[in-house]
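Peer 1: Okay, handing you the structure first.
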Amino acid sequence: MANKTILKWAGSKVGIMEQLRPHLPKTKRLVEPFAGSCAVMMNTDYEQYLIADVNQDLINLYLIAQSLPLDFIANAEYYFQTFNQKHSYYNIRDKFNTTKKYMTPQGVAVNFLYLNRHCYNGLCRYSEKTGFNVPFGNYKNPYFPKKEIISFANKAQESEIICLEWQDTLSLVDFGDGVYCDPPYKGDGFTRYHAAGFSDADQEALAVALKDINDSQGNPVTVSNSLAAKELYLDLGFTVHEIEAPRKIAANGSRKSATEIIAVLAGVK
Ligand SMILES: C[S@@+](CC[C@H](N)C(=O)[O-])C[C@H]1O[C@@H](n2cnc3c(N)ncnc32)[C@H](O)[C@@H]1O
């Protein structure tokens with residue numbers, strides 16, 4: 001059984017860890033520029049991690065969880081016990097969108113965790129005008145991930161956690177690091193994680209940058225993506241494996257499995 005994560009997250013790798021693990025770099029430190037729910041960190045045993053993502057709310061939550069203030073758990077648990085009604089959800093969502101800049105980092109983390117576990121399917125979607133805009137999920141009894149927060153805090157003691165665009169994270173990759181990239185999938189119009197989106201040009205720029213880092217520094221690189229990205233990675237000389245992945249969140253509501261790729265460049269010692 002894979003370890004669960006604090007957040008529900010579109011594209012979480014919890015369900016495919018057994019297939020992914022053999023293809024991950026065998027290094028002391030793993031760099032993850034698209035960390036999302038941190039499913040990979042929570043299910044691997046690197047000595048160190050560099051955890052990064054462009055989503056500020058996500059990284060803020062991890063920084064709070066890393067230092068594990070007990071009042072954070074107590075406040076978040078209070079929200080879960082008290083506010084599982086539709087009107088409370090929309091009040092909290094409005095407050096989050098309009099007054100976030102006046103909240104403490106811990107307050108933002110409590111609100112974000114609450115929204116993630118009470119919104120529809122754990123989606124994380126923002127509109128440029130109104131901010132976080134996922135509707136109420138209407139779940140009977142949303143799970144409070146206390147156990148997962150504590151496990152994260154333990155694991156994250158040897159981690160650097162940082163809010164960055166992927167290009168800036170790659171600039172922090174040292175000789176000897178392994179890199180695992182799990183960007184928004186090519187051709188996946190539905191799963192939008194932050195306002196700017198991730199275009200085909202971004203997909204190409206990422207693949208080329210990973211090839212460059214492997215050529216220039218010898219870092220082993222592993223990438224997850226949709227089947228639509230297979231040619232892109234094959235053309236750059238990656239070894240591409242196909243796997244069947246359960247799909248929990250799809251545009252048409254389908255929950256069938258889908259073929260995905262794991263593209264690999266071996267490291268040079
Ligand atoms: C497929 S998800 C990663 C899922 C993760 N591996 C997991 O198991 O939960 C893609 C992630 O990329 C992040 N992201 C999107 N655009 C980005 C960018 N330009 N730079 C860095 N991260 C980005 C999103 O916030 C999202 O968390």
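In the structure tokens, chains take the letters A, B, ... in the order shown, each chain's residues start at 1, and ligands count up from 1 in the order shown.
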Neighbours of ligand 1 within 6 Å, counting only C-alpha atoms and all ligand atoms, as a list of chain:residue names?

Peer 2: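 Sorted by chain and then by number, the residues are A:Trp9, A:Gly11, A:Ser12, A:Lys13, A:Pro33, A:Phe34, A:Ala35, A:Gly36, A:Ser37, A:Cys38, A:Ala39, A:Val40, A:Asp53, A:Val54, A:Asn55, A:Glu165, A:Trp166, A:Asp182, A:Pro183, A:Pro184, A:Tyr193, A:Phe198.
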
Peer 1: Save the residues we just selected, N, CA and C atoms, as a tab-separated table (two decimals), in the first residue's frame?

Peer 2:
```
chain	number	residue	atom	x	y	z
A	9	TRP	N	-4.81	15.44	-5.09
A	9	TRP	CA	-4.17	16.24	-6.15
A	9	TRP	C	-4.36	15.59	-7.50
A	11	GLY	N	-3.48	14.23	-10.85
A	11	GLY	CA	-2.19	13.77	-11.37
A	11	GLY	C	-1.31	13.16	-10.30
A	12	SER	N	-1.86	12.94	-9.09
A	12	SER	CA	-1.06	12.32	-8.02
A	12	SER	C	-0.49	10.98	-8.48
A	13	LYS	N	0.73	10.70	-8.07
A	13	LYS	CA	1.38	9.45	-8.49
A	13	LYS	C	1.20	8.33	-7.46
A	33	PRO	N	10.81	19.29	-9.58
A	33	PRO	CA	10.34	20.65	-9.91
A	33	PRO	C	8.82	20.79	-9.98
A	34	PHE	N	8.08	19.67	-10.08
A	34	PHE	CA	6.61	19.70	-10.16
A	34	PHE	C	6.07	18.80	-9.04
A	35	ALA	N	6.27	19.20	-7.80
A	35	ALA	CA	6.08	18.26	-6.69
A	35	ALA	C	4.62	17.89	-6.43
A	36	GLY	N	3.68	18.81	-6.71
A	36	GLY	CA	2.26	18.51	-6.49
A	36	GLY	C	2.01	18.02	-5.08
A	37	SER	N	1.39	16.84	-4.95
A	37	SER	CA	1.03	16.34	-3.61
A	37	SER	C	2.20	15.72	-2.85
A	38	CYS	N	3.37	15.70	-3.46
A	38	CYS	CA	4.56	15.06	-2.85
A	38	CYS	C	4.37	13.55	-2.69
A	39	ALA	N	3.57	12.95	-3.57
A	39	ALA	CA	3.37	11.50	-3.51
A	39	ALA	C	4.69	10.75	-3.70
A	40	VAL	N	5.57	11.30	-4.53
A	40	VAL	CA	6.83	10.61	-4.80
A	40	VAL	C	7.74	10.69	-3.57
A	53	ASP	N	7.48	23.68	-6.58
A	53	ASP	CA	6.26	23.77	-7.39
A	53	ASP	C	5.98	25.26	-7.55
A	54	VAL	N	5.25	25.61	-8.60
A	54	VAL	CA	4.96	27.02	-8.85
A	54	VAL	C	3.79	27.51	-7.99
A	55	ASN	N	3.03	26.58	-7.42
A	55	ASN	CA	1.84	26.96	-6.66
A	55	ASN	C	2.23	27.42	-5.25
A	165	GLU	N	9.26	28.48	-10.47
A	165	GLU	CA	8.99	27.96	-11.81
A	165	GLU	C	10.03	26.86	-12.09
A	166	TRP	N	9.67	25.89	-12.91
A	166	TRP	CA	10.55	24.73	-13.12
A	166	TRP	C	11.94	25.13	-13.64
A	182	ASP	N	7.20	15.79	-13.26
A	182	ASP	CA	5.81	15.36	-13.50
A	182	ASP	C	4.99	16.61	-13.83
A	183	PRO	N	5.21	17.17	-15.03
A	183	PRO	CA	4.51	18.41	-15.38
A	183	PRO	C	3.03	18.14	-15.67
A	184	PRO	N	2.23	19.21	-15.78
A	184	PRO	CA	0.87	19.01	-16.30
A	184	PRO	C	0.98	18.27	-17.63
A	193	TYR	N	-3.44	23.73	-13.20
A	193	TYR	CA	-3.05	23.88	-11.81
A	193	TYR	C	-2.83	25.32	-11.41
A	198	PHE	N	0.00	25.39	-19.06
A	198	PHE	CA	1.27	24.77	-19.48
A	198	PHE	C	1.09	24.39	-20.95
```

Peer 1: For the structure I just gave you, how does DSSP split range 38-254 of chain A - specifically, which residues are alpha helix (DSSP H)? Reply as number ranges by chain.

Peer 2: A: 39-42, 56-67, 70-82, 86-99, 105-118, 146-155, 166-170, 200-217, 230-235

Peer 1: Using C-alpha atoms, can you export the residues from the last selection as an mmCIF file, in the first residue's frame?

Peer 2:
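To be explicit, this is the file written out as selection.cif:
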```cif
data_model
loop_
_atom_site.group_PDB
_atom_site.id
_atom_site.type_symbol
_atom_site.label_atom_id
_atom_site.label_comp_id
_atom_site.auth_asym_id
_atom_site.auth_seq_id
_atom_site.Cartn_x
_atom_site.Cartn_y
_atom_site.Cartn_z
ATOM 1 C CA ALA A 39 3.366 11.498 -3.510
ATOM 2 C CA VAL A 40 6.825 10.606 -4.802
ATOM 3 C CA MET A 41 8.648 11.972 -1.759
ATOM 4 C CA MET A 42 6.225 10.181 0.568
ATOM 5 C CA GLN A 56 2.454 29.322 -3.723
ATOM 6 C CA ASP A 57 -0.478 28.042 -1.659
ATOM 7 C CA LEU A 58 0.822 24.496 -1.957
ATOM 8 C CA ILE A 59 4.392 25.372 -1.002
ATOM 9 C CA ASN A 60 3.218 27.585 1.862
ATOM 10 C CA LEU A 61 1.251 24.622 3.266
ATOM 11 C CA TYR A 62 4.329 22.382 3.040
ATOM 12 C CA LEU A 63 6.545 24.940 4.763
ATOM 13 C CA ILE A 64 4.034 25.187 7.602
ATOM 14 C CA ALA A 65 3.667 21.388 7.813
ATOM 15 C CA GLN A 66 7.460 20.977 7.772
ATOM 16 C CA SER A 67 7.795 22.956 10.997
ATOM 17 C CA LEU A 70 0.664 22.066 16.864
ATOM 18 C CA ASP A 71 -1.799 24.953 16.633
ATOM 19 C CA PHE A 72 -1.814 24.466 12.840
ATOM 20 C CA ILE A 73 -3.154 20.925 13.238
ATOM 21 C CA ALA A 74 -5.647 22.064 15.878
ATOM 22 C CA ASN A 75 -6.935 24.974 13.763
ATOM 23 C CA ALA A 76 -7.191 22.901 10.600
ATOM 24 C CA GLU A 77 -9.001 20.101 12.459
ATOM 25 C CA TYR A 78 -11.452 22.670 13.862
ATOM 26 C CA TYR A 79 -12.269 23.834 10.299
ATOM 27 C CA PHE A 80 -12.883 20.228 9.216
ATOM 28 C CA GLN A 81 -15.128 19.511 12.210
ATOM 29 C CA THR A 82 -17.116 22.734 11.914
ATOM 30 C CA LYS A 86 -22.053 24.365 1.236
ATOM 31 C CA HIS A 87 -22.501 27.957 2.489
ATOM 32 C CA SER A 88 -19.483 27.662 4.830
ATOM 33 C CA TYR A 89 -17.364 26.373 1.952
ATOM 34 C CA TYR A 90 -18.240 29.337 -0.261
ATOM 35 C CA ASN A 91 -17.705 31.805 2.614
ATOM 36 C CA ILE A 92 -14.258 30.366 3.267
ATOM 37 C CA ARG A 93 -13.439 30.317 -0.449
ATOM 38 C CA ASP A 94 -14.462 34.003 -0.769
ATOM 39 C CA LYS A 95 -12.464 34.988 2.309
ATOM 40 C CA PHE A 96 -9.450 33.082 0.961
ATOM 41 C CA ASN A 97 -9.680 34.857 -2.398
ATOM 42 C CA THR A 98 -10.280 38.354 -1.071
ATOM 43 C CA THR A 99 -8.282 38.560 2.164
ATOM 44 C CA PRO A 105 1.050 31.986 6.415
ATOM 45 C CA GLN A 106 -0.458 29.529 8.870
ATOM 46 C CA GLY A 107 -3.955 30.941 8.269
ATOM 47 C CA VAL A 108 -3.479 30.585 4.509
ATOM 48 C CA ALA A 109 -2.330 26.973 5.010
ATOM 49 C CA VAL A 110 -5.390 26.113 7.129
ATOM 50 C CA ASN A 111 -7.742 27.598 4.517
ATOM 51 C CA PHE A 112 -5.970 25.927 1.597
ATOM 52 C CA LEU A 113 -6.023 22.497 3.237
ATOM 53 C CA TYR A 114 -9.722 22.928 4.059
ATOM 54 C CA LEU A 115 -10.541 23.989 0.473
ATOM 55 C CA ASN A 116 -8.545 21.136 -1.041
ATOM 56 C CA ARG A 117 -10.355 18.450 0.952
ATOM 57 C CA HIS A 118 -13.840 19.988 0.657
ATOM 58 C CA LYS A 146 -3.521 14.409 10.484
ATOM 59 C CA LYS A 147 -1.459 11.244 10.073
ATOM 60 C CA GLU A 148 -0.235 12.443 6.676
ATOM 61 C CA ILE A 149 0.736 15.891 8.039
ATOM 62 C CA ILE A 150 2.853 14.252 10.738
ATOM 63 C CA SER A 151 4.477 11.810 8.251
ATOM 64 C CA PHE A 152 5.194 14.727 5.928
ATOM 65 C CA ALA A 153 6.819 16.721 8.739
ATOM 66 C CA ASN A 154 9.077 13.762 9.584
ATOM 67 C CA LYS A 155 10.079 13.141 5.996
ATOM 68 C CA TRP A 166 10.548 24.729 -13.123
ATOM 69 C CA GLN A 167 13.326 26.587 -15.015
ATOM 70 C CA ASP A 168 14.579 28.087 -11.741
ATOM 71 C CA THR A 169 14.413 24.740 -9.968
ATOM 72 C CA LEU A 170 16.510 23.116 -12.709
ATOM 73 C CA ASP A 200 2.961 22.724 -25.903
ATOM 74 C CA ALA A 201 5.851 25.200 -26.137
ATOM 75 C CA ASP A 202 6.395 24.725 -22.367
ATOM 76 C CA GLN A 203 6.382 20.934 -22.890
ATOM 77 C CA GLU A 204 9.094 21.231 -25.535
ATOM 78 C CA ALA A 205 11.176 23.697 -23.545
ATOM 79 C CA LEU A 206 11.062 21.359 -20.529
ATOM 80 C CA ALA A 207 12.054 18.259 -22.517
ATOM 81 C CA VAL A 208 14.966 20.120 -24.163
ATOM 82 C CA ALA A 209 16.138 21.590 -20.833
ATOM 83 C CA LEU A 210 16.152 18.102 -19.289
ATOM 84 C CA LYS A 211 18.155 16.719 -22.198
ATOM 85 C CA ASP A 212 20.621 19.638 -21.791
ATOM 86 C CA ILE A 213 21.068 19.063 -18.084
ATOM 87 C CA ASN A 214 21.703 15.372 -18.724
ATOM 88 C CA ASP A 215 24.242 16.205 -21.471
ATOM 89 C CA SER A 216 26.046 18.917 -19.538
ATOM 90 C CA GLN A 217 25.946 17.611 -15.935
ATOM 91 C CA LYS A 230 5.940 10.116 -26.454
ATOM 92 C CA GLU A 231 7.405 11.399 -29.762
ATOM 93 C CA LEU A 232 8.843 14.496 -28.124
ATOM 94 C CA TYR A 233 10.841 12.412 -25.651
ATOM 95 C CA LEU A 234 11.796 9.680 -28.156
ATOM 96 C CA ASP A 235 13.148 12.338 -30.559
#
```

Peer 1: So how many Å separate CA of Thr259 in chain A and CA of Gly122 in chain A, to one decimal?

Peer 2: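 CA of Gly122 in chain A lies 22.2 Å from CA of Thr259 in chain A.
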
Peer 1: Can you pull out the residues contacting Ala228 in chain A? Cut-off 7 Å, using only C-alpha atoms, and skip same-chain residues under 2 positions away; I want them as a ChimeraX atom specification.

Peer 2: /A:186-187,226,230

Peer 1: Take the residues from that selection and put them in a file with N, CA and C atoms, as a PDB file, in the first residue's frame.

Peer 2:
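Result written to part_11.pdb:
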```pdb
ATOM      1  N   LYS A 186       0.739  16.766 -21.355  1.00  0.00           N
ATOM      2  CA  LYS A 186       0.532  17.312 -22.705  1.00  0.00           C
ATOM      3  C   LYS A 186      -0.856  16.898 -23.201  1.00  0.00           C
ATOM      4  N   GLY A 187      -1.584  17.862 -23.727  1.00  0.00           N
ATOM      5  CA  GLY A 187      -2.907  17.574 -24.282  1.00  0.00           C
ATOM      6  C   GLY A 187      -4.001  17.476 -23.241  1.00  0.00           C
ATOM      7  N   SER A 226       1.751  12.249 -20.606  1.00  0.00           N
ATOM      8  CA  SER A 226       0.728  11.505 -21.345  1.00  0.00           C
ATOM      9  C   SER A 226       1.362  10.876 -22.585  1.00  0.00           C
ATOM     10  N   LYS A 230       4.990  11.206 -26.169  1.00  0.00           N
ATOM     11  CA  LYS A 230       5.940  10.116 -26.454  1.00  0.00           C
ATOM     12  C   LYS A 230       6.963  10.514 -27.525  1.00  0.00           C
TER      13      LYS A 230
END
```

Peer 1: Let me make sure I understand: among A:Gln157, A:Met103, A:Asn121, A:Leu68, which one has the smallest atom-to-atom distance to Gln48 in chain A if we use only C-alpha atoms?

Peer 2: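 That would be A:Gln157, the residue with the smallest distance to Gln48 in chain A.
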
Peer 1: What's the separation between CA of Tyr139 in chain A and CA of Gln85 in chain A, in Å to one decimal place?

Peer 2: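 Straight-line distance from CA of Tyr139 in chain A to CA of Gln85 in chain A works out to 9.4 Å.
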
Peer 1: With only C-alpha atoms as the basis for distance, which of A:Leu30, A:Met17, A:Met1, A:Ala52 is at the shortest distance from Cys163 in chain A?

Peer 2: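 Looking at the shortest contact to Cys163 in chain A, the residue is A:Ala52.
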
Peer 1: Can you list, as a ChimeraX atom specification, every residue of range 3-238 of chain A that DSSP puts in strand (DSSP E)?

Peer 2: /A:29-32,48-53,126-127,131-132,159-163,178-181,221-226

Peer 1: Check the smallest atom-to-atom distance from each of A:Leu20, A:Leu50, A:Val134, A:Ala245 to Glu32 in chain A using only C-alpha atoms, then report the winner.

Peer 2: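 So, comparing all the options, the nearest one is A:Leu50.
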
Peer 1: Contacts of Asp177 in chain A at 9 Å or less, counting only C-alpha atoms, minus same-chain residues fewer than 2 places along, as a PyMOL selection string?

Peer 2: chain A and resi 25-31+173-175+179+219-220

Peer 1: Quick one: pull the distance between CA of Glu242 in chain A and CA of Glu18 in chain A, Å, one decimal.

Peer 2: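 Taking CA of Glu242 in chain A as the start and CA of Glu18 in chain A as the end point, the length is 13.7 Å.
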
Peer 1: Given only C-alpha atoms as the basis, pick out the residue of A:Ile243, A:Ile51, A:Val221, A:Leu227 nearest to Gly267 in chain A.

Peer 2: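 Of the candidates, the smallest distance to Gly267 in chain A is held by A:Val221.
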